[in-house]
file protein10.txt (compact mmCIF, C-alpha atoms)
# COMPACT_ATOMS: atom_id res chain seq x y z
CA MET P 1 23.94 -6.04 30.84
CA PRO P 2 27.69 -5.34 30.56
CA GLU P 3 28.59 -1.76 29.74
CA GLU P 4 31.90 -2.42 28.02
CA THR P 5 32.26 -2.56 24.27
CA ILE P 6 32.61 -6.20 23.26
CA LYS P 7 34.75 -7.23 20.33
CA SER P 8 35.00 -10.90 19.45
CA PHE P 9 34.65 -13.11 16.40
CA ASN P 10 35.59 -10.00 14.36
CA VAL P 11 32.30 -8.36 15.34
CA GLY P 12 32.70 -4.63 14.89
CA TYR P 13 31.15 -2.22 17.39
CA LEU P 14 29.91 0.99 15.83
CA GLN P 15 29.32 4.22 17.71
CA VAL P 16 29.18 7.59 15.99
CA LEU P 17 27.53 9.74 18.66
CA ASP P 18 28.61 9.59 22.31
CA ASP P 19 26.41 10.27 25.34
CA GLU P 20 27.30 13.98 25.29
CA GLY P 21 26.35 14.49 21.65
CA HIS P 22 29.86 14.52 20.17
CA ALA P 23 30.00 12.84 16.75
CA ASP P 24 32.97 11.11 15.12
CA LYS P 25 33.25 13.04 11.86
CA ASP P 26 34.98 10.15 10.12
CA LEU P 27 32.06 7.82 10.87
CA MET P 28 29.21 10.29 10.44
CA PRO P 29 26.76 9.13 7.72
CA GLU P 30 25.77 11.49 4.93
CA LEU P 31 22.68 13.20 6.31
CA SER P 32 21.58 16.75 5.60
CA PRO P 33 20.37 19.03 8.43
CA GLY P 34 16.86 18.50 7.03
CA GLN P 35 17.19 14.72 7.30
CA ILE P 36 18.55 14.99 10.84
CA LYS P 37 15.51 17.08 11.75
CA GLU P 38 13.28 14.45 10.18
CA LEU P 39 14.91 11.72 12.29
CA TYR P 40 14.51 13.88 15.39
CA GLU P 41 10.85 14.64 14.69
CA LEU P 42 10.12 10.94 14.17
CA MET P 43 11.74 10.05 17.50
CA VAL P 44 9.84 12.78 19.35
CA LEU P 45 6.58 11.71 17.70
CA ILE P 46 7.14 8.09 18.69
CA ARG P 47 7.83 9.08 22.28
CA ALA P 48 4.69 11.22 22.40
CA PHE P 49 2.67 8.31 20.97
CA ASP P 50 4.26 5.92 23.45
CA ASP P 51 3.44 8.09 26.47
CA LYS P 52 -0.14 8.59 25.33
CA ALA P 53 -0.69 4.89 24.60
CA PHE P 54 0.51 4.02 28.11
CA LYS P 55 -1.98 6.49 29.63
CA LEU P 56 -4.80 5.16 27.46
CA GLN P 57 -4.09 1.64 28.68
CA ARG P 58 -4.17 2.78 32.30
CA GLN P 59 -7.52 4.48 31.61
CA GLY P 60 -8.98 1.29 30.18
CA ARG P 61 -9.15 2.74 26.66
CA LEU P 62 -6.47 0.40 25.23
CA GLY P 63 -5.39 -3.20 25.74
CA THR P 64 -1.96 -4.45 26.79
CA TYR P 65 0.74 -2.18 25.42
CA LEU P 66 4.52 -2.59 25.06
CA GLN P 67 6.36 0.70 25.48
CA VAL P 68 9.24 1.55 23.17
CA LYS P 69 10.72 4.38 25.28
CA GLY P 70 14.52 4.23 25.08
CA GLN P 71 14.62 2.21 21.87
CA GLU P 72 13.56 4.91 19.41
CA ALA P 73 16.98 5.23 17.76
CA SER P 74 17.16 1.49 17.03
CA GLU P 75 13.76 1.49 15.35
CA VAL P 76 13.87 4.81 13.50
CA GLY P 77 17.51 4.53 12.41
CA ALA P 78 17.02 1.11 10.83
CA ALA P 79 13.64 1.73 9.19
CA TYR P 80 14.79 5.10 7.81
CA ALA P 81 17.41 3.29 5.70
CA LEU P 82 14.73 1.51 3.64
CA LYS P 83 13.12 2.67 0.42
CA LYS P 84 9.46 2.67 -0.48
CA GLY P 85 8.64 -0.82 -1.72
CA ASP P 86 10.90 -2.55 0.80
CA TRP P 87 9.22 -4.75 3.39
CA ILE P 88 9.32 -4.63 7.20
CA PHE P 89 8.47 -7.45 9.60
CA PRO P 90 7.88 -5.94 13.07
CA SER P 91 7.51 -7.55 16.48
CA GLY P 92 5.29 -6.44 19.36
CA ARG P 93 7.32 -3.43 20.52
CA ASP P 94 7.97 -1.98 17.07
CA VAL P 95 5.40 0.81 16.84
CA GLY P 96 8.35 3.11 16.15
CA VAL P 97 9.24 1.13 13.04
CA LEU P 98 5.66 1.28 11.80
CA ILE P 99 5.30 5.02 12.47
CA THR P 100 8.58 5.64 10.61
CA ARG P 101 7.16 3.64 7.72
CA GLY P 102 3.99 5.75 7.63
CA HIS P 103 1.52 3.36 9.29
CA PRO P 104 -1.34 5.58 10.57
CA MET P 105 -1.14 6.03 14.33
CA HIS P 106 -4.88 5.65 14.86
CA MET P 107 -4.61 2.19 13.30
CA LEU P 108 -1.83 1.24 15.71
CA LEU P 109 -4.11 2.27 18.57
CA GLN P 110 -6.93 0.35 16.93
CA TYR P 111 -4.79 -2.78 16.91
CA ARG P 112 -3.77 -2.34 20.54
CA GLY P 113 -7.43 -1.81 21.32
CA GLY P 114 -8.09 -5.36 20.14
CA ASP P 115 -9.15 -4.65 16.56
CA GLU P 116 -7.01 -6.60 14.09
CA ARG P 117 -8.06 -4.30 11.25
CA GLY P 118 -5.53 -1.82 12.60
CA MET P 119 -2.75 -3.99 11.20
CA LYS P 120 -3.99 -3.90 7.62
CA ALA P 121 -1.40 -1.72 5.93
CA PRO P 122 -2.94 1.03 3.77
CA GLU P 123 -2.37 0.85 0.02
CA GLY P 124 1.22 1.60 -0.89
CA LEU P 125 2.73 0.56 2.46
CA ASP P 126 4.64 -2.71 2.53
CA ASN P 127 4.35 -3.30 6.25
CA PHE P 128 3.85 -6.83 7.49
CA PRO P 129 1.54 -7.05 10.54
CA ILE P 130 3.03 -7.08 14.03
CA THR P 131 3.98 -10.59 15.13
CA ILE P 132 3.33 -11.31 18.81
CA PRO P 133 4.82 -14.85 19.14
CA VAL P 134 8.56 -14.41 19.66
CA SER P 135 10.66 -14.92 16.50
CA THR P 136 8.02 -16.60 14.31
CA HIS P 137 8.18 -13.78 11.74
CA ILE P 138 11.91 -14.25 11.09
CA PRO P 139 11.56 -17.23 8.70
CA ILE P 140 8.62 -15.43 7.08
CA CYS P 141 10.93 -12.50 6.35
CA THR P 142 13.50 -14.91 4.94
CA GLY P 143 10.90 -16.60 2.74
CA ALA P 144 9.61 -13.30 1.40
CA ALA P 145 13.17 -12.18 0.68
CA TRP P 146 13.88 -15.44 -1.13
CA ALA P 147 10.75 -14.96 -3.25
CA SER P 148 11.91 -11.44 -4.17
CA LYS P 149 15.30 -12.79 -5.17
CA MET P 150 13.73 -15.47 -7.38
CA ARG P 151 11.55 -12.81 -9.03
CA ARG P 152 14.57 -10.52 -9.50
CA GLU P 153 12.81 -7.72 -7.62
CA ASP P 154 14.66 -4.70 -6.25
CA VAL P 155 13.26 -5.23 -2.74
CA VAL P 156 14.92 -5.54 0.67
CA HIS P 157 13.23 -7.20 3.65
CA MET P 158 13.95 -6.14 7.23
CA ALA P 159 12.88 -8.04 10.36
CA PHE P 160 12.93 -6.57 13.88
CA PHE P 161 13.09 -8.64 17.06
CA GLY P 162 14.43 -8.64 20.61
CA ASP P 163 17.37 -10.42 22.17
CA GLY P 164 15.13 -13.25 23.38
CA ALA P 165 14.30 -14.17 19.79
CA THR P 166 17.93 -15.14 19.14
CA SER P 167 17.48 -18.13 21.46
CA ARG P 168 14.49 -19.46 19.56
CA ALA P 169 14.46 -22.09 16.81
CA ASP P 170 12.76 -19.77 14.29
CA PHE P 171 15.72 -17.39 14.49
CA HIS P 172 18.24 -20.11 13.70
CA GLU P 173 16.17 -21.66 10.93
CA GLY P 174 15.45 -18.28 9.34
CA LEU P 175 19.06 -17.10 9.43
CA ASN P 176 20.42 -20.45 8.29
CA PHE P 177 18.19 -20.42 5.19
CA ALA P 178 18.95 -16.73 4.58
CA GLY P 179 22.68 -17.41 4.60
CA ILE P 180 22.48 -20.43 2.29
CA PHE P 181 20.46 -18.60 -0.36
CA LYS P 182 21.97 -15.11 0.21
CA VAL P 183 18.54 -13.53 0.40
CA PRO P 184 18.12 -9.72 0.41
CA ALA P 185 17.30 -9.42 4.12
CA VAL P 186 18.46 -7.40 7.12
CA PHE P 187 17.86 -8.79 10.60
CA VAL P 188 17.70 -6.11 13.31
CA CYS P 189 18.02 -7.35 16.88
CA GLU P 190 16.98 -4.74 19.46
CA ASN P 191 19.03 -6.07 22.36
CA ASN P 192 17.54 -4.29 25.37
CA GLY P 193 19.15 -6.66 27.84
CA TYR P 194 16.08 -8.65 28.84
CA ALA P 195 13.78 -11.23 27.30
CA ILE P 196 10.82 -10.01 29.38
CA SER P 197 12.57 -10.57 32.75
CA LEU P 198 15.38 -12.92 31.70
CA PRO P 199 18.79 -11.20 31.48
CA ARG P 200 20.70 -11.73 28.24
CA ALA P 201 23.49 -13.53 30.09
CA ARG P 202 21.04 -16.21 31.24
CA GLN P 203 19.80 -17.09 27.76
CA THR P 204 23.04 -17.37 25.75
CA ALA P 205 26.74 -17.89 26.42
CA ALA P 206 27.67 -15.97 23.26
CA GLU P 207 29.67 -12.80 23.96
CA THR P 208 27.60 -10.92 21.40
CA LEU P 209 24.39 -11.65 19.57
CA ALA P 210 25.82 -10.27 16.33
CA GLN P 211 28.42 -13.07 16.18
CA LYS P 212 25.62 -15.62 15.72
CA ALA P 213 25.44 -14.54 12.07
CA PHE P 214 28.85 -16.06 11.37
CA ALA P 215 27.52 -19.56 11.99
CA TYR P 216 25.26 -19.01 8.99
CA GLY P 217 27.87 -17.53 6.70
CA PHE P 218 27.13 -13.83 6.72
CA GLU P 219 28.10 -10.63 8.52
CA GLY P 220 27.04 -9.55 11.98
CA ILE P 221 27.71 -6.14 13.49
CA GLN P 222 27.07 -4.72 16.95
CA VAL P 223 26.11 -1.05 17.19
CA ASP P 224 25.25 1.45 19.90
CA GLY P 225 21.48 1.17 19.63
CA ASN P 226 20.91 4.54 21.33
CA ASP P 227 22.99 6.30 18.66
CA ILE P 228 20.68 7.17 15.75
CA PHE P 229 23.62 7.80 13.42
CA ALA P 230 25.32 4.47 14.17
CA VAL P 231 22.09 2.53 13.61
CA TYR P 232 21.29 4.39 10.39
CA SER P 233 24.86 3.95 9.11
CA ALA P 234 24.91 0.19 9.77
CA ALA P 235 21.41 -0.28 8.37
CA SER P 236 22.15 1.74 5.23
CA ARG P 237 25.22 -0.36 4.53
CA ALA P 238 23.32 -3.60 5.15
CA VAL P 239 20.41 -2.52 2.94
CA ALA P 240 22.75 -1.53 0.09
CA LYS P 241 24.58 -4.84 0.41
CA ALA P 242 21.32 -6.82 0.31
CA ARG P 243 20.04 -4.82 -2.64
CA LYS P 244 23.23 -5.55 -4.55
CA GLY P 245 22.77 -9.29 -4.09
CA ASP P 246 25.50 -9.80 -1.49
CA GLY P 247 23.22 -11.41 1.08
CA PRO P 248 21.91 -10.68 4.56
CA THR P 249 23.30 -8.93 7.64
CA LEU P 250 22.50 -9.24 11.34
CA ILE P 251 22.61 -5.94 13.22
CA GLU P 252 22.65 -6.09 17.02
CA CYS P 253 21.49 -2.76 18.45
CA VAL P 254 22.63 -2.55 22.09
CA THR P 255 19.85 -0.52 23.66
CA TYR P 256 17.55 -0.47 26.70
CA ARG P 257 13.85 -0.16 27.42
CA ILE P 258 13.35 2.49 30.07
CA GLU P 259 9.91 1.20 31.07
CA GLY P 260 8.72 -2.32 31.87
CA HIS P 261 8.30 -5.10 29.34
CA SER P 262 4.60 -4.26 29.00
CA THR P 263 1.77 -2.61 30.91
CA SER P 264 1.35 -5.88 32.83
CA ASP P 265 4.99 -5.97 33.99
CA ASP P 266 6.63 -5.19 37.34
CA ASP P 267 10.23 -4.59 36.30
CA SER P 268 11.34 -3.88 39.88
CA ARG P 269 11.35 -7.65 40.42
CA TYR P 270 14.28 -8.23 38.08
CA ARG P 271 16.24 -4.98 37.68
CA THR P 272 17.34 -2.14 39.94
CA LYS P 273 16.39 1.54 39.88
CA GLN P 274 20.09 2.37 39.65
CA GLU P 275 20.43 0.36 36.43
CA VAL P 276 17.46 2.13 34.87
CA GLU P 277 18.76 5.55 35.91
CA GLU P 278 22.18 4.82 34.41
CA TRP P 279 20.52 4.02 31.09
CA ARG P 280 18.37 7.16 31.25
CA LYS P 281 21.62 9.08 30.87
CA LYS P 282 22.02 7.38 27.47
CA ASP P 283 18.55 8.44 26.28
CA PRO P 284 18.62 8.45 22.44
CA VAL P 285 16.40 11.53 22.08
CA ASP P 286 18.45 13.57 24.56
CA ARG P 287 21.67 12.48 22.87
CA LEU P 288 20.48 13.62 19.45
CA GLU P 289 19.28 16.93 20.91
CA LYS P 290 22.75 17.57 22.35
CA TYR P 291 24.31 16.96 18.93
CA MET P 292 21.78 19.20 17.19
CA LYS P 293 22.36 22.04 19.66
CA LYS P 294 26.13 21.81 19.24
CA ASN P 295 25.66 22.01 15.47
CA LYS P 296 23.05 24.78 15.57
CA ILE P 297 20.28 22.58 14.14
CA LEU P 298 18.11 22.72 17.27
CA THR P 299 16.76 25.89 18.86
CA ASP P 300 14.41 26.22 21.83
CA GLU P 301 11.69 27.54 19.54
CA TYR P 302 12.06 24.61 17.13
CA LYS P 303 12.03 22.09 19.98
CA GLN P 304 8.84 23.60 21.44
CA SER P 305 7.24 23.60 18.01
CA VAL P 306 8.06 19.93 17.42
CA THR P 307 6.81 18.99 20.90
CA GLN P 308 3.48 20.73 20.35
CA LYS P 309 3.05 19.46 16.80
CA THR P 310 3.68 15.85 17.76
CA ARG P 311 1.28 16.05 20.73
CA ASP P 312 -1.41 17.44 18.44
CA MET P 313 -0.80 14.64 15.94
CA VAL P 314 -1.14 12.01 18.65
CA GLU P 315 -4.31 13.56 20.08
CA LYS P 316 -5.83 13.58 16.57
CA ALA P 317 -4.90 9.90 16.22
CA VAL P 318 -6.69 9.14 19.50
CA GLU P 319 -9.80 10.93 18.26
CA ASP P 320 -9.74 9.00 14.99
CA TYR P 321 -9.19 5.71 16.81
CA GLU P 322 -12.15 6.21 19.11
CA LYS P 323 -14.45 7.08 16.19
CA VAL P 324 -13.80 3.77 14.41
CA PRO P 325 -16.92 1.54 14.58
CA PRO P 326 -16.28 -1.82 16.26
CA PRO P 327 -15.69 -4.79 13.95
CA GLU P 328 -18.51 -7.05 12.89
CA ALA P 329 -18.57 -10.62 14.17
CA ALA P 330 -18.12 -11.87 10.59
CA ASP P 331 -14.76 -10.09 10.42
CA PHE P 332 -13.39 -12.85 12.60
CA PHE P 333 -13.46 -15.10 9.53
CA ALA P 334 -12.47 -12.55 6.92
CA ASN P 335 -8.68 -12.64 6.80
CA THR P 336 -7.67 -16.24 7.50
CA TYR P 337 -7.88 -17.66 3.97
CA ALA P 338 -7.91 -16.08 0.51
CA GLN P 339 -10.98 -18.22 -0.16
CA PRO P 340 -13.08 -19.38 2.84
CA THR P 341 -13.16 -23.12 3.44
CA GLU P 342 -16.48 -24.97 3.46
CA GLN P 343 -16.26 -25.27 7.24
CA LEU P 344 -15.80 -21.52 7.61
CA LYS P 345 -18.72 -20.86 5.29
CA GLU P 346 -20.93 -23.03 7.51
CA GLN P 347 -19.77 -21.23 10.63
CA MET P 348 -20.40 -17.83 9.04
CA LYS P 349 -23.98 -18.88 8.23
CA GLU P 350 -24.57 -19.49 11.93
CA LEU P 351 -23.85 -15.80 12.60
call {"tool": "encode", "arguments": {"input": "protein10.txt", "output": "structure tokens"}}
result
Amino acid sequence: MPEETIKSFNVGYLQVLDDEGHADKDLMPELSPGQIKELYELMVLIRAFDDKAFKLQRQGRLGTYLQVKGQEASEVGAAYALKKGDWIFPSGRDVGVLITRGHPMHMLLQYRGGDERGMKAPEGLDNFPITIPVSTHIPICTGAAWASKMRREDVVHMAFFGDGATSRADFHEGLNFAGIFKVPAVFVCENNGYAISLPRARQTAAETLAQKAFAYGFEGIQVDGNDIFAVYSAASRAVAKARKGDGPTLIECVTYRIEGHSTSDDDSRYRTKQEVEEWRKKDPVDRLEKYMKKNKILTDEYKQSVTQKTRDMVEKAVEDYEKVPPPEAADFFANTYAQPTEQLKEQMKEL
């Protein structure tokens, strides 16, 4: 993936925080030291969860898992800009989005353990279930946003997806409809450079993914996806714009997944160790820590405390996950229709 900042089709590129933790004061969003700590703690928690989930999969205690390591800023920064009552539409790698939105971690493990009940959002959380097929949730997000607009609700809808999704029909249909009807939606593309093993340059000739929004009549912006402040700033602006009735925005977060596509992936077959190591230097957690140290928000004692607290939280989630009784066979039929069809009723009787 090219390193240079790309500017075309009037696509802006936003970076607030550089690799060494220096922030552009003119671009810095309004965040208190307490909020910055909250963002930091969420990112550390997500990384601790991610590392543990990978180990559980290797131990046979979890199914296939998609690691989020390296993309925490893109997920936390965008989701943090939403209010309670707004909706999220996550894809397979977006455990960071769900954790930011308060989805219980033991339920995320439950889902990755093969139990669909883990995706049932607790009361008060407007989290759509993870969508595994690439891009199919994008028109669903658009439809939900259109419904909110027709009902005159103060609700914003945010969909998350990878760069590969922008080459799929659902992406184009969803964004086209969103632009026509100016729905209150924000589309967050986590461009990590690869659609599984396919480099971005092999799936689209567009210079940026953000510029694709212009074909549908609304704004696209490209941001440094490893810069928590840039992502939050762009997302906050897009959310406010959608809430005001000024239509959708496409945010392209240029980021990188440090690990493979999933626990079944061998990433050495399509990318080099040197490329991965270069991106490790842009680690979003390390970058935020550098900023916090420079601004006397992070001390060694605080960092150790956060590290221990998050590990304890994750271990408790594992305990809770492994105590959940397995689903009943009848649960297979429970959540397909609001009212079971006659055929389903007959099949359930056979159980």
call {"tool": "residues_around", "arguments": {"input": "protein10.txt", "residues": "Lys182 of chain P", "least_positions_apart": "2", "cutoff": "7 Å", "atoms": "only C-alpha atoms", "output": "list in words"}}
result
Ala178, Gly179, Ile180, Pro184, Asp246, Gly247 and Pro248 of chain P
call {"tool": "closest_residue", "arguments": {"input": "protein10.txt", "among": "P:Met105, P:Leu27, P:Val239, P:Ile221", "to": "Asp50 of chain P", "atoms": "only C-alpha atoms"}}
result
P:Met105
call {"tool": "atom_distance", "arguments": {"input": "protein10.txt", "atom1": "atom CA of Lys281 of chain P", "atom2": "atom CA of Asn191 of chain P"}}
result
17.6 Å
call {"tool": "closest_residue", "arguments": {"input": "protein10.txt", "among": "P:Lys296, P:Lys120, P:Arg287, P:Arg168", "to": "Asn335 of chain P", "atoms": "only C-alpha atoms"}}
result
P:Lys120
call {"tool": "atom_distance", "arguments": {"input": "protein10.txt", "atom1": "atom CA of His157 of chain P", "atom2": "atom CA of Gly92 of chain P"}}
result
17.6 Å
call {"tool": "residues_around", "arguments": {"input": "protein10.txt", "residues": "His261 of chain P", "least_positions_apart": "3", "cutoff": "7 Å", "atoms": "all atoms listed in the file", "output": "list in words"}}
result
Leu66, Ile196 and Asp265 of chain P
call {"tool": "residues_around", "arguments": {"input": "protein10.txt", "residues": "segment 311-314 of chain P", "least_positions_apart": "4", "cutoff": "9 Å", "atoms": "all atoms listed in the file", "output": "list of chain:residue names"}}
result
P:Leu45, P:Ala48, P:Phe49, P:Lys52, P:Met105, P:His106, P:Val306, P:Thr307, P:Val318, P:Glu319
call {"tool": "build_atoms", "arguments": {"input": "protein10.txt", "residues": "segment 294-321 of chain P", "atoms": "N, CA and C atoms", "output": "PDB file, keeping the file's coordinate frame"}}
result
ATOM      1  N   LYS P 294      24.721  21.514  19.496  1.00  0.00           N
ATOM      2  CA  LYS P 294      26.130  21.810  19.240  1.00  0.00           C
ATOM      3  C   LYS P 294      26.348  22.246  17.788  1.00  0.00           C
ATOM      4  N   ASN P 295      25.512  21.716  16.892  1.00  0.00           N
ATOM      5  CA  ASN P 295      25.660  22.010  15.470  1.00  0.00           C
ATOM      6  C   ASN P 295      24.623  22.995  14.948  1.00  0.00           C
ATOM      7  N   LYS P 296      23.984  23.694  15.892  1.00  0.00           N
ATOM      8  CA  LYS P 296      23.050  24.780  15.570  1.00  0.00           C
ATOM      9  C   LYS P 296      21.904  24.327  14.654  1.00  0.00           C
ATOM     10  N   ILE P 297      21.443  23.095  14.873  1.00  0.00           N
ATOM     11  CA  ILE P 297      20.280  22.580  14.140  1.00  0.00           C
ATOM     12  C   ILE P 297      19.033  22.649  15.003  1.00  0.00           C
ATOM     13  N   LEU P 298      19.223  22.707  16.319  1.00  0.00           N
ATOM     14  CA  LEU P 298      18.110  22.720  17.270  1.00  0.00           C
ATOM     15  C   LEU P 298      18.107  24.017  18.052  1.00  0.00           C
ATOM     16  N   THR P 299      16.975  24.709  18.026  1.00  0.00           N
ATOM     17  CA  THR P 299      16.760  25.890  18.860  1.00  0.00           C
ATOM     18  C   THR P 299      15.627  25.588  19.828  1.00  0.00           C
ATOM     19  N   ASP P 300      15.504  26.404  20.866  1.00  0.00           N
ATOM     20  CA  ASP P 300      14.410  26.220  21.830  1.00  0.00           C
ATOM     21  C   ASP P 300      13.061  26.350  21.157  1.00  0.00           C
ATOM     22  N   GLU P 301      12.972  27.307  20.229  1.00  0.00           N
ATOM     23  CA  GLU P 301      11.690  27.540  19.540  1.00  0.00           C
ATOM     24  C   GLU P 301      11.318  26.325  18.675  1.00  0.00           C
ATOM     25  N   TYR P 302      12.318  25.780  17.979  1.00  0.00           N
ATOM     26  CA  TYR P 302      12.060  24.610  17.130  1.00  0.00           C
ATOM     27  C   TYR P 302      11.657  23.416  17.983  1.00  0.00           C
ATOM     28  N   LYS P 303      12.348  23.207  19.098  1.00  0.00           N
ATOM     29  CA  LYS P 303      12.030  22.090  19.980  1.00  0.00           C
ATOM     30  C   LYS P 303      10.595  22.201  20.506  1.00  0.00           C
ATOM     31  N   GLN P 304      10.200  23.399  20.937  1.00  0.00           N
ATOM     32  CA  GLN P 304       8.840  23.600  21.440  1.00  0.00           C
ATOM     33  C   GLN P 304       7.809  23.352  20.342  1.00  0.00           C
ATOM     34  N   SER P 305       8.138  23.800  19.145  1.00  0.00           N
ATOM     35  CA  SER P 305       7.240  23.600  18.010  1.00  0.00           C
ATOM     36  C   SER P 305       7.038  22.127  17.708  1.00  0.00           C
ATOM     37  N   VAL P 306       8.137  21.363  17.699  1.00  0.00           N
ATOM     38  CA  VAL P 306       8.060  19.930  17.420  1.00  0.00           C
ATOM     39  C   VAL P 306       7.266  19.222  18.519  1.00  0.00           C
ATOM     40  N   THR P 307       7.526  19.604  19.768  1.00  0.00           N
ATOM     41  CA  THR P 307       6.810  18.990  20.900  1.00  0.00           C
ATOM     42  C   THR P 307       5.315  19.201  20.778  1.00  0.00           C
ATOM     43  N   GLN P 308       4.912  20.431  20.471  1.00  0.00           N
ATOM     44  CA  GLN P 308       3.480  20.730  20.350  1.00  0.00           C
ATOM     45  C   GLN P 308       2.861  20.044  19.141  1.00  0.00           C
ATOM     46  N   LYS P 309       3.568  20.076  18.020  1.00  0.00           N
ATOM     47  CA  LYS P 309       3.050  19.460  16.800  1.00  0.00           C
ATOM     48  C   LYS P 309       2.833  17.964  16.984  1.00  0.00           C
ATOM     49  N   THR P 310       3.800  17.299  17.590  1.00  0.00           N
ATOM     50  CA  THR P 310       3.680  15.850  17.760  1.00  0.00           C
ATOM     51  C   THR P 310       2.552  15.505  18.735  1.00  0.00           C
ATOM     52  N   ARG P 311       2.387  16.292  19.788  1.00  0.00           N
ATOM     53  CA  ARG P 311       1.280  16.050  20.730  1.00  0.00           C
ATOM     54  C   ARG P 311      -0.061  16.197  20.024  1.00  0.00           C
ATOM     55  N   ASP P 312      -0.158  17.222  19.188  1.00  0.00           N
ATOM     56  CA  ASP P 312      -1.410  17.440  18.440  1.00  0.00           C
ATOM     57  C   ASP P 312      -1.686  16.266  17.504  1.00  0.00           C
ATOM     58  N   MET P 313      -0.650  15.774  16.854  1.00  0.00           N
ATOM     59  CA  MET P 313      -0.800  14.640  15.940  1.00  0.00           C
ATOM     60  C   MET P 313      -1.293  13.396  16.683  1.00  0.00           C
ATOM     61  N   VAL P 314      -0.745  13.174  17.861  1.00  0.00           N
ATOM     62  CA  VAL P 314      -1.140  12.010  18.650  1.00  0.00           C
ATOM     63  C   VAL P 314      -2.573  12.152  19.150  1.00  0.00           C
ATOM     64  N   GLU P 315      -2.943  13.344  19.609  1.00  0.00           N
ATOM     65  CA  GLU P 315      -4.310  13.560  20.080  1.00  0.00           C
ATOM     66  C   GLU P 315      -5.318  13.355  18.950  1.00  0.00           C
ATOM     67  N   LYS P 316      -4.948  13.794  17.738  1.00  0.00           N
ATOM     68  CA  LYS P 316      -5.830  13.580  16.570  1.00  0.00           C
ATOM     69  C   LYS P 316      -5.962  12.089  16.285  1.00  0.00           C
ATOM     70  N   ALA P 317      -4.854  11.343  16.437  1.00  0.00           N
ATOM     71  CA  ALA P 317      -4.900   9.900  16.220  1.00  0.00           C
ATOM     72  C   ALA P 317      -5.825   9.227  17.224  1.00  0.00           C
ATOM     73  N   VAL P 318      -5.797   9.696  18.469  1.00  0.00           N
ATOM     74  CA  VAL P 318      -6.690   9.140  19.500  1.00  0.00           C
ATOM     75  C   VAL P 318      -8.152   9.392  19.130  1.00  0.00           C
ATOM     76  N   GLU P 319      -8.426  10.605  18.684  1.00  0.00           N
ATOM     77  CA  GLU P 319      -9.800  10.930  18.260  1.00  0.00           C
ATOM     78  C   GLU P 319     -10.255  10.027  17.124  1.00  0.00           C
ATOM     79  N   ASP P 320      -9.396   9.851  16.141  1.00  0.00           N
ATOM     80  CA  ASP P 320      -9.740   9.000  14.990  1.00  0.00           C
ATOM     81  C   ASP P 320      -9.935   7.555  15.411  1.00  0.00           C
ATOM     82  N   TYR P 321      -9.082   7.090  16.315  1.00  0.00           N
ATOM     83  CA  TYR P 321      -9.190   5.710  16.810  1.00  0.00           C
ATOM     84  C   TYR P 321     -10.525   5.475  17.493  1.00  0.00           C
TER      85      TYR P 321
END
